[in-house]
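Colleague: Before I ask anything, here is the structure I am working with.
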Amino acid sequence: MGLAAGKEERIPYLDGLRGYSILAVLLDHTLTTDHWLSRHPYLCILIADATLGVRVFFVLSGFLITTLLFHEEEKKGRISIRGFYERRIARIFPAFYLYIGVIAALAAFRLIQVPLASFLAAGSFTWNVAYFWRLGGGVQDNSKVFGHIWTLSIEEQFYLVWPSCLVFFGRRWSRRLAVAVAILLPLTRLIVFFFIHSTKIRNSLLYRTAQDEIVWGVLAAFLVQGGAIERLRNFRYRTAWLIGSLLVIFVLCPALGSIKVSGMEVWLVPTLQGVAIVSFIFWLLSGAGGIVRNVLESWPAVQLGLLSYSLYIWQQPFTQWSGLSFIPFPLNVLLPVVVAILCYRLVEMPLRRRIRLWFAQGTPAHT
């Protein structure tokens, strides 16, 4: 199956899926009224939907990290919470805090205006609750250079809790908790949508209830441990399985999002897409693929996937900050790719290895 071989082995088509995700984010963030893609709405749905890209990231994150924790427990007999956070520090901190440092330098030279509250919210992984840093008023941040940190904030907040759940509650109760979260968070979004009338507060609350997209990846890891892939291999209608997954992701969910009936785009669509993304990943893991798998395993897709974290960090100024809005498409896509390659080669990988050696960790894992 690929995942069973051990935590050091990479899975090219999952890297390729990450590559698709970051491409969707990049293209969506560069869309303007005169952008050629904006004249082709169906093409935008397929390759330029940043929301879908982030959801794929979330599902993959929950799936891969939970799977690696399972492997660690099976190999060593226990999960090291300390080891987990050491790996997260080595993985996340180098590129992340370099980016914050660069923005701070630009602010120091008055090339960009970013309030202190924004630095505090971004640097503490609390951007999704950034309004807490402005309770006494404060300057509104219009720079947008930290706007993408909400996803990292949600992810890191989730991982403050999840490994401890596995350690202290065990797999059985952790699985039950994950199921409860996957059910309750969409209901929470539904309640918020209908009963919180302040748009600002409603949007803030909806922001903070996206962890169930990671949880669907967690549940996928439990299903794989339970033999779901082996059963899918024996399923006669795997092609129909693929078609159904893609129809939900690219037809049903965009349709529900566009008609905006009963707030389904904010409480139901994330769940539907999360389940469909898991279904698509299972289809890949089952050994099926054909042209789809070949595309995901292609060199450009895999390389984009390897760069996805650095690229996600660095794309924001090139695609969202007004100070660089003069850069035309496709240069505003190519330039962050160049910066991401430099960051990945010169900062992210060397420091990841050095930090892990300092912590006496092994070779960097797939995540």
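By order of appearance in the structure tokens: chains A, B, ..., then residues from 1 within every chain, and ligands from 1 in the order shown.
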So which residues touch Gly263 in chain A within 10 Å, counting only C-alpha atoms, skipping near sequence neighbours fewer than 5 positions away, as a count of residues only?
Modeller: 8
Colleague: Could you make a table, as JSON lines, of the residues of range 194-284 of chain A that have an atom within 10 Å of an atom of range 161-180 of chain A, each with its nearest atom pair and distance in Å to one decimal, counting only C-alpha atoms, in chain and number order?
Modeller:
{"residue": "A:Asp212", "atom": "CA", "partner": "A:Ala178", "partner_atom": "CA", "distance": 8.3}
{"residue": "A:Ile214", "atom": "CA", "partner": "A:Ala178", "partner_atom": "CA", "distance": 9.8}
{"residue": "A:Val215", "atom": "CA", "partner": "A:Ala178", "partner_atom": "CA", "distance": 6.1}
{"residue": "A:Trp216", "atom": "CA", "partner": "A:Ala178", "partner_atom": "CA", "distance": 8.2}
{"residue": "A:Gly217", "atom": "CA", "partner": "A:Ala178", "partner_atom": "CA", "distance": 10.0}
{"residue": "A:Val218", "atom": "CA", "partner": "A:Ala178", "partner_atom": "CA", "distance": 7.4}
{"residue": "A:Leu219", "atom": "CA", "partner": "A:Ala178", "partner_atom": "CA", "distance": 6.8}
{"residue": "A:Ala221", "atom": "CA", "partner": "A:Arg175", "partner_atom": "CA", "distance": 9.9}
{"residue": "A:Phe222", "atom": "CA", "partner": "A:Arg175", "partner_atom": "CA", "distance": 7.2}
{"residue": "A:Leu223", "atom": "CA", "partner": "A:Arg175", "partner_atom": "CA", "distance": 9.9}
Colleague: For Trp127 in chain A, find every residue with an atom within 7 Å (counting only C-alpha atoms), except residues of its own chain fewer than 6 positions away, and show them as an NGL selection string.
Modeller: :A and (121 or 149-150 or 153)
Colleague: Mind pulling up the distance from CA of Ala117 in chain A to CA of Val339 in chain A?
Modeller: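 Those two atoms sit 26.3 Å apart.
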Colleague: Mind the document's chain letters and residue numbers, and return as a PyMOL selection string the residues of range 199-307 of chain A that DSSP labels alpha helix (DSSP H).
Modeller: chain A and resi 199-207+211-225+228-233+238-247+253-259+264-267+269-285+290-296+299-307
Colleague: Determine the nearest neighbour of Asn142 in chain A from the options A:Val114, A:Ala360, A:Ile183, A:Leu120, counting only C-alpha atoms.
Modeller: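 Distance minimum relative to Asn142 in chain A lands on A:Val114.
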Colleague: Go ahead and compute the interatomic distance for CA of Ile341 in chain A and CA of Ile92 in chain A, in Å to one decimal.
Modeller: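 Between these atoms lies a distance of 15.9 Å.
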Colleague: Which residue gives the smallest distance to Val347 in chain A among A:Ala95, A:Leu23, A:Ile45, A:Ala90, with only C-alpha atoms counted?
Modeller: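 The answer is A:Ala95, which sits nearest to Val347 in chain A.
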Colleague: Give me, please, the distance in Å between CA of Ile89 in chain A and CA of Leu152 in chain A, quoted to one decimal.
Modeller: 12.7 Å
